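Novice: One structure, pasted below without further comment.
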Amino acid sequence: MRWFTAFLTLLLVCSLGVEQAVGDNSASAAPVVALVAAPDSAPAASGGSSQKQVPETLLEFGIEERVRVEDYDNTGEFLRSKEDVQQRTRFRTKVWTRWTPTSSVEFYLRLGNEFKKTSDPGMKWERNAPDEGFIDNLYVDFKQLIVPGLSLKVGRQDLVKGDGFLLTEYTAGDGSRSTYMNGFDLAYSAHKSSLHLLGVAATRKDHYLPRINDADRYTNESDNSMLGLYYENRSRRETDIDAYWLYSSGVSDYRNPGSAAYIPDRHLSTIGGRVLHKFTKTVSASGEFAYQVGRQHANAARLMPETDIRAWGGYAYARKEFARSWKPFVQVAEYFYSGDENETDGRATGFDPVFGRWPGRSELLAYGLQKEKGFAYYSNMRLTSVQAGMSPLKQLKTSVSYQRVDAFHPNTSGSSEIFASGTHRGDLFGVKGEVTLNDNWKGHVLYEAMLPGNFYAGDDLAHFFRVEVMYTFKKVLLKH
């Protein structure tokens, strides 16, 4: 990580020449689109937009309190004989403050804590409160540097690009606690287009900033870093175009090298693009494709040789909304992630989701993938989904979904107690209701059930159920 630290230092030194005047040259960020009946909303896509005038708010403060009650069983192995039922209540608190002394500079700090009350299969209740307190965000956003159109956001921050396919979740190992990344976003914007130089450092444990009541938690399975270019074009009102090159590495997986989940040290480049087009006000479609090349080290514990990486992944969806008072819609989507046929044949062809491990496809599916490579580690998968929804009330949104989940290859390297010789993962059904009472209160109810296919040895139904209530509060403390 020495190169990363040195580069950050250089950027901070250069940023001391911030101008007060701000140009309106930046591109607006594309919205994140949920392609299935997603259990949770992705973090908002970051934008590089700047302001012409001094902002009205100088200092503001906010609180977010979220409570989740969850129940799930059989996720990943589909065997009722295994006592793996989980019932838990999650309590997550975030407190933040934003200081905007000028239209060119913004300082942001957000503190977080999540603890939970959990029952194990033996129904022995355990608590981990108070849990680890941590710094969830801490960044400086220079909206205008010396060169017109140049901006820099540096520090711990949430970063989403496009639909979040590769850049959404940077701390997949800590569950729903956080999604932050440590790094920078240096952007040049002109004529409704922007080019971003991105740098990310995501360690297995949080080593960069202090913690309270250190729980020694793993936020990733390995030390991950990334340096990349991301281009956004918003010059056409109906069409968004993205293109990117991301060079990433994953090293020092903490898991047992003899485990099928263990990932040897690897370095790869991901090259891809995304297009979103709005045909009419009610019809839209989007697609993204990424190709990966790189090198993976050998793993003597599983007789895996050093090998080249050749993988691919992407998605396509179409959405139709209807001009009715209940705002009905229908959406179809296809996701695909290449897989490894045989880990000892000298080829690494399984897709690496990089930092796109947000459980937006399905919470149940994301937990089940822990039996393979890790939570929401999308690889060796083809997912076809149909979703429909409506808003019968202004405060209520409802949706139902069906997803057929397949694999390109059987999981021959996994446990024979869990995996069989087929390629049909199963049929996944979901229903979700979202309630927004006002600016302060909202919540949802989610239920998912999956009928396993011949990809698994077990044939028992798996389910995931969650009720969530969230309270948010924001207060302006000082104005210009």
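Convention: chains lettered A, B, ... in structure tokens order; per-chain residue numbering from 1; ligands numbered from 1 as shown.
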Can you list every residue of range 405-476 of chain A that has an atom at most 10 Å from range 77-95 of chain A, with its nearest atom pair and the distance in Å to one decimal, using only C-alpha atoms, ordered by chain then number, as a Markdown table?
Specialist:
| residue | atom | partner | partner_atom | distance |
| --- | --- | --- | --- | --- |
| A:Ser415 | CA | A:Glu77 | CA | 9.9 |
| A:Glu417 | CA | A:Glu77 | CA | 8.2 |
| A:Ile418 | CA | A:Glu77 | CA | 5.2 |
| A:Phe419 | CA | A:Glu77 | CA | 7.8 |
| A:Met450 | CA | A:Phe78 | CA | 9.0 |
| A:Leu451 | CA | A:Phe78 | CA | 8.5 |
| A:Pro452 | CA | A:Phe78 | CA | 6.9 |
| A:Gly453 | CA | A:Phe78 | CA | 9.9 |
| A:Tyr456 | CA | A:Glu77 | CA | 7.0 |
| A:Ala457 | CA | A:Glu77 | CA | 7.6 |
| A:Gly458 | CA | A:Phe78 | CA | 4.9 |
| A:Asp459 | CA | A:Phe78 | CA | 5.7 |
| A:Asp460 | CA | A:Phe78 | CA | 4.9 |
| A:Leu461 | CA | A:Phe78 | CA | 6.2 |
| A:Ala462 | CA | A:Phe78 | CA | 6.0 |
| A:His463 | CA | A:Phe78 | CA | 9.6 |
| A:Phe464 | CA | A:Gln86 | CA | 9.6 |
| A:Phe465 | CA | A:Gln87 | CA | 9.6 |
| A:Arg466 | CA | A:Thr89 | CA | 9.5 |
| A:Val467 | CA | A:Thr89 | CA | 9.5 |
| A:Glu468 | CA | A:Arg90 | CA | 9.3 |
| A:Met470 | CA | A:Arg92 | CA | 9.4 |
| A:Tyr471 | CA | A:Thr93 | CA | 9.8 |
| A:Thr472 | CA | A:Lys94 | CA | 9.4 |
| A:Phe473 | CA | A:Val95 | CA | 9.6 |
| A:Lys474 | CA | A:Val95 | CA | 9.9 |
Novice: Within 10 Å of range 220-226 of chain A, which residues of range 264-317 of chain A come that close, and what is the closest atom pair and distance in Å for each? Count only C-alpha atoms and give it as CSV.
Specialist:
residue,atom,partner,partner_atom,distance
A:Pro264,CA,A:Ser222,CA,9.6
A:Asp265,CA,A:Ser222,CA,8.8
A:Arg266,CA,A:Asn224,CA,9.8
A:His267,CA,A:Ser225,CA,9.6
A:Leu268,CA,A:Met226,CA,9.7
A:Ser269,CA,A:Met226,CA,9.5
Novice: Quick one: everything within 7 Å of Phe142 in chain A, counting only C-alpha atoms, minus sequence neighbours fewer than 5 positions away in the same chain. Send it as a ChimeraX atom specification.
Specialist: /A:104-106,151-153
Novice: Generate the output file for the selected residues, N, CA and C atoms, as a CSV table (one decimal), in the first residue's frame.
Specialist:
chain,number,residue,atom,x,y,z
A,104,SER,N,-16.7,25.6,-2.8
A,104,SER,CA,-15.7,24.7,-3.3
A,104,SER,C,-15.2,23.6,-2.4
A,105,VAL,N,-15.5,23.7,-1.1
A,105,VAL,CA,-15.0,22.7,-0.2
A,105,VAL,C,-16.1,22.2,0.7
A,106,GLU,N,-16.1,20.9,0.9
A,106,GLU,CA,-17.0,20.2,1.9
A,106,GLU,C,-16.2,19.2,2.7
A,151,SER,N,-11.9,18.3,-9.9
A,151,SER,CA,-12.3,18.2,-8.5
A,151,SER,C,-11.7,17.0,-7.8
A,152,LEU,N,-11.7,16.9,-6.5
A,152,LEU,CA,-11.1,15.8,-5.8
A,152,LEU,C,-11.9,15.5,-4.5
A,153,LYS,N,-12.2,14.3,-4.4
A,153,LYS,CA,-12.9,13.8,-3.1
A,153,LYS,C,-12.0,12.8,-2.5
Novice: Looking at A:Lys281, A:Lys116, A:Arg110, A:Arg236, which one is nearest to Ala323 in chain A, with distances taken over only C-alpha atoms?
Specialist: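 For Ala323 in chain A, the nearest of the given residues is A:Lys281.
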Novice: For Leu365 in chain A, find every residue with an atom within 12 Å (counting only C-alpha atoms), except residues of its own chain fewer than 2 positions away, and show them as an MDAnalysis selection string.
Specialist: chainID A and resid 38:39 72:78 357:363 367:372 374:379 381 383 403:406 425:430 448:452 462:464
Novice: Dump N, CA and C atoms for the selected residues as a compact mmCIF listing (two decimals), in the first residue's frame?
Specialist:
# COMPACT_ATOMS: atom_id res chain seq x y z
N ALA A 38 -34.95 -5.92 -4.85
CA ALA A 38 -33.77 -5.85 -4.00
C ALA A 38 -34.15 -5.67 -2.54
N PRO A 39 -33.41 -6.33 -1.62
CA PRO A 39 -33.71 -6.22 -0.20
C PRO A 39 -33.30 -4.91 0.42
N TYR A 72 -33.76 -16.52 8.90
CA TYR A 72 -33.44 -17.27 7.69
C TYR A 72 -32.97 -18.67 8.04
N ASP A 73 -33.10 -19.56 7.03
CA ASP A 73 -32.79 -20.97 7.25
C ASP A 73 -32.44 -21.62 5.91
N ASN A 74 -31.54 -22.59 5.96
CA ASN A 74 -31.17 -23.43 4.82
C ASN A 74 -30.46 -22.68 3.70
N THR A 75 -30.02 -21.44 3.91
CA THR A 75 -29.39 -20.68 2.84
C THR A 75 -28.03 -21.31 2.49
N GLY A 76 -27.90 -21.74 1.25
CA GLY A 76 -26.62 -22.24 0.77
C GLY A 76 -26.47 -23.73 0.77
N GLU A 77 -27.13 -24.45 1.71
CA GLU A 77 -26.98 -25.91 1.70
C GLU A 77 -28.31 -26.64 1.56
N PHE A 78 -29.43 -25.99 1.85
CA PHE A 78 -30.77 -26.53 1.59
C PHE A 78 -31.00 -27.89 2.26
N ARG A 357 -20.06 -6.30 -4.52
CA ARG A 357 -20.63 -7.38 -3.72
C ARG A 357 -21.79 -6.91 -2.83
N TRP A 358 -22.58 -6.04 -3.39
CA TRP A 358 -23.82 -5.61 -2.74
C TRP A 358 -24.90 -6.67 -2.98
N PRO A 359 -25.70 -7.03 -1.98
CA PRO A 359 -26.68 -8.11 -2.15
C PRO A 359 -27.97 -7.67 -2.85
N GLY A 360 -27.84 -6.86 -3.90
CA GLY A 360 -29.01 -6.35 -4.58
C GLY A 360 -29.76 -7.38 -5.40
N ARG A 361 -29.10 -8.45 -5.80
CA ARG A 361 -29.80 -9.50 -6.55
C ARG A 361 -30.78 -10.22 -5.65
N SER A 362 -30.31 -10.56 -4.45
CA SER A 362 -31.14 -11.28 -3.48
C SER A 362 -30.35 -11.43 -2.20
N GLU A 363 -30.98 -11.12 -1.08
CA GLU A 363 -30.32 -11.31 0.21
C GLU A 363 -30.10 -12.79 0.48
N TYR A 367 -26.27 -14.59 0.96
CA TYR A 367 -25.84 -15.40 2.10
C TYR A 367 -25.42 -16.79 1.65
N GLY A 368 -26.16 -17.38 0.70
CA GLY A 368 -25.83 -18.71 0.23
C GLY A 368 -24.48 -18.80 -0.43
N LEU A 369 -24.01 -17.72 -1.05
CA LEU A 369 -22.72 -17.74 -1.73
C LEU A 369 -21.55 -17.81 -0.76
N GLN A 370 -21.81 -17.63 0.54
CA GLN A 370 -20.74 -17.83 1.52
C GLN A 370 -20.25 -19.27 1.52
N LYS A 371 -21.08 -20.21 1.06
CA LYS A 371 -20.67 -21.61 0.97
C LYS A 371 -19.70 -21.84 -0.18
N GLU A 372 -19.57 -20.82 -1.06
CA GLU A 372 -18.67 -20.96 -2.21
C GLU A 372 -17.43 -20.09 -2.03
N GLY A 374 -17.66 -16.52 -0.89
CA GLY A 374 -17.83 -15.44 0.07
C GLY A 374 -19.16 -14.76 -0.12
N PHE A 375 -19.53 -13.92 0.85
CA PHE A 375 -20.81 -13.22 0.81
C PHE A 375 -20.93 -12.39 -0.45
N ALA A 376 -22.00 -12.63 -1.22
CA ALA A 376 -22.30 -11.88 -2.45
C ALA A 376 -21.13 -11.90 -3.43
N TYR A 377 -20.36 -12.99 -3.44
CA TYR A 377 -19.28 -13.13 -4.41
C TYR A 377 -19.87 -13.78 -5.66
N TYR A 378 -20.33 -12.93 -6.59
CA TYR A 378 -21.04 -13.41 -7.77
C TYR A 378 -20.05 -13.97 -8.79
N SER A 379 -20.15 -15.27 -9.03
CA SER A 379 -19.30 -15.95 -9.99
C SER A 379 -19.98 -17.27 -10.35
N MET A 381 -22.43 -17.99 -12.45
CA MET A 381 -23.87 -17.80 -12.24
C MET A 381 -24.52 -17.14 -13.46
N LEU A 383 -28.44 -15.55 -14.02
CA LEU A 383 -29.65 -15.22 -13.28
C LEU A 383 -30.63 -14.51 -14.22
N GLN A 403 -36.90 -15.37 -9.99
CA GLN A 403 -35.57 -15.46 -10.57
C GLN A 403 -35.20 -16.93 -10.74
N ARG A 404 -34.83 -17.27 -11.97
CA ARG A 404 -34.25 -18.59 -12.22
C ARG A 404 -32.74 -18.43 -12.15
N VAL A 405 -32.12 -19.22 -11.27
CA VAL A 405 -30.69 -19.08 -11.01
C VAL A 405 -29.99 -20.36 -11.46
N ASP A 406 -29.02 -20.21 -12.35
CA ASP A 406 -28.27 -21.34 -12.88
C ASP A 406 -26.78 -21.11 -12.72
N ARG A 425 -29.24 -23.95 -10.16
CA ARG A 425 -29.14 -23.59 -8.75
C ARG A 425 -30.50 -23.60 -8.07
N GLY A 426 -31.52 -23.10 -8.75
CA GLY A 426 -32.83 -23.13 -8.14
C GLY A 426 -33.74 -22.03 -8.64
N ASP A 427 -34.95 -21.99 -8.07
CA ASP A 427 -35.96 -21.00 -8.41
C ASP A 427 -36.22 -20.14 -7.19
N LEU A 428 -36.05 -18.83 -7.36
CA LEU A 428 -36.07 -17.89 -6.25
C LEU A 428 -37.26 -16.95 -6.39
N PHE A 429 -38.08 -16.86 -5.35
CA PHE A 429 -39.26 -16.02 -5.35
C PHE A 429 -39.12 -14.94 -4.27
N GLY A 430 -39.60 -13.75 -4.58
CA GLY A 430 -39.50 -12.66 -3.61
C GLY A 430 -40.71 -11.76 -3.61
N GLU A 448 -38.19 -13.86 0.97
CA GLU A 448 -37.64 -14.59 -0.17
C GLU A 448 -37.63 -16.08 0.14
N ALA A 449 -37.91 -16.90 -0.87
CA ALA A 449 -37.88 -18.35 -0.73
C ALA A 449 -37.25 -18.93 -1.99
N MET A 450 -36.44 -19.97 -1.80
CA MET A 450 -35.75 -20.58 -2.94
C MET A 450 -35.93 -22.09 -2.92
N LEU A 451 -36.38 -22.63 -4.05
CA LEU A 451 -36.46 -24.07 -4.26
C LEU A 451 -35.17 -24.51 -4.94
N PRO A 452 -34.34 -25.32 -4.30
CA PRO A 452 -33.04 -25.67 -4.87
C PRO A 452 -33.16 -26.58 -6.08
N ALA A 462 -35.35 -23.04 1.22
CA ALA A 462 -34.64 -22.02 1.99
C ALA A 462 -35.49 -20.74 2.02
N HIS A 463 -35.36 -19.97 3.11
CA HIS A 463 -36.12 -18.73 3.18
C HIS A 463 -35.32 -17.64 3.87
N PHE A 464 -35.69 -16.41 3.56
CA PHE A 464 -35.13 -15.24 4.24
C PHE A 464 -36.28 -14.26 4.47
Novice: Could you state the separation of CA of Pro328 in chain A and CA of Ala388 in chain A in Å, given to one decimal place?
Specialist: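 Pair CA of Pro328 in chain A / CA of Ala388 in chain A returns 7.3 Å.
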Novice: Counting only C-alpha atoms, figure out which residue out of A:Lys373, A:His207, A:Arg217, A:Arg234 gets nearest to Lys192 in chain A.
Specialist: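 Of A:Lys373, A:His207, A:Arg217, A:Arg234, the one nearest Lys192 in chain A, counting only C-alpha atoms, is A:Arg234.
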Novice: Nearest residue to Ser399 in chain A out of A:Val330, A:Val67, A:Met181, A:Val354, using only C-alpha atoms?
Specialist: A:Val330
Novice: Near Ala420 in chain A, counting only C-alpha atoms, which residues have an atom at most 8 Å away, once you skip same-chain residues fewer than 4 positions from it, shown as an MDAnalysis selection string?
Specialist: chainID A and resid 410:412 416 454:457
Novice: With N, CA, C and O atoms kept, could you save the residues just selected as a PDB file, in the first residue's frame?
Specialist:
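The file below, result.pdb, is the result:
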ATOM      1  N   PRO A 410     -20.926 -27.237 -12.814  1.00  0.00           N
ATOM      2  CA  PRO A 410     -21.149 -27.787 -11.465  1.00  0.00           C
ATOM      3  C   PRO A 410     -20.003 -27.380 -10.540  1.00  0.00           C
ATOM      4  O   PRO A 410     -18.882 -27.106 -10.995  1.00  0.00           O
ATOM      5  N   ASN A 411     -20.272 -27.339  -9.247  1.00  0.00           N
ATOM      6  CA  ASN A 411     -19.241 -26.990  -8.266  1.00  0.00           C
ATOM      7  C   ASN A 411     -18.527 -28.269  -7.833  1.00  0.00           C
ATOM      8  O   ASN A 411     -18.817 -28.852  -6.795  1.00  0.00           O
ATOM      9  N   THR A 412     -17.557 -28.686  -8.638  1.00  0.00           N
ATOM     10  CA  THR A 412     -16.845 -29.933  -8.354  1.00  0.00           C
ATOM     11  C   THR A 412     -15.826 -29.780  -7.232  1.00  0.00           C
ATOM     12  O   THR A 412     -15.391 -30.782  -6.662  1.00  0.00           O
ATOM     13  N   SER A 416     -19.113 -32.202  -1.087  1.00  0.00           N
ATOM     14  CA  SER A 416     -20.106 -33.099  -1.679  1.00  0.00           C
ATOM     15  C   SER A 416     -21.375 -33.179  -0.834  1.00  0.00           C
ATOM     16  O   SER A 416     -22.416 -33.626  -1.321  1.00  0.00           O
ATOM     17  N   ASN A 454     -30.603 -29.010  -9.079  1.00  0.00           N
ATOM     18  CA  ASN A 454     -29.632 -30.111  -9.018  1.00  0.00           C
ATOM     19  C   ASN A 454     -28.189 -29.644  -8.857  1.00  0.00           C
ATOM     20  O   ASN A 454     -27.264 -30.450  -8.865  1.00  0.00           O
ATOM     21  N   PHE A 455     -27.976 -28.331  -8.712  1.00  0.00           N
ATOM     22  CA  PHE A 455     -26.644 -27.824  -8.377  1.00  0.00           C
ATOM     23  C   PHE A 455     -26.284 -28.191  -6.942  1.00  0.00           C
ATOM     24  O   PHE A 455     -25.112 -28.290  -6.586  1.00  0.00           O
ATOM     25  N   TYR A 456     -27.320 -28.391  -6.111  1.00  0.00           N
ATOM     26  CA  TYR A 456     -27.138 -28.688  -4.694  1.00  0.00           C
ATOM     27  C   TYR A 456     -27.540 -30.128  -4.378  1.00  0.00           C
ATOM     28  O   TYR A 456     -28.409 -30.711  -5.045  1.00  0.00           O
ATOM     29  N   ALA A 457     -26.936 -30.650  -3.323  1.00  0.00           N
ATOM     30  CA  ALA A 457     -27.287 -31.991  -2.869  1.00  0.00           C
ATOM     31  C   ALA A 457     -28.589 -31.986  -2.085  1.00  0.00           C
ATOM     32  O   ALA A 457     -29.363 -32.944  -2.133  1.00  0.00           O
TER      33      ALA A 457
END
Novice: Fewer than 2 positions away in the same chain doesn't count, so skip those; otherwise give me all residues within 10 Å of Leu303 in chain A, counting only C-alpha atoms, as an MDAnalysis selection string.
Specialist: chainID A and resid 258 298:301 305:306 343:345
Novice: May I ask which of the residues A:Leu186, A:Ile241, A:Leu111, A:Ala407 is the closest one to Arg211 in chain A, counting only C-alpha atoms?
Specialist: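 So, comparing all the options, the nearest one is A:Leu111.
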Novice: Quick check for you: according to DSSP on this backbone, which residues of range 148-212 of chain A are classed as strand (DSSP E)? Reply as a VMD selection string.
Specialist: chain A and resid 150 to 157 167 to 169 181 to 190 193 to 202
Novice: Find the spatial neighbours of Tyr108 in chain A, counting only C-alpha atoms, within a cut-off of 9 Å - ignore same-chain residues fewer than 6 positions away - and output them as a count of residues only.
Specialist: 10
Novice: Quick one: of A:Gly173, A:Lys327, A:Lys143, A:Leu109, who's nearest to Gly62 in chain A, counting only C-alpha atoms?
Specialist: A:Leu109
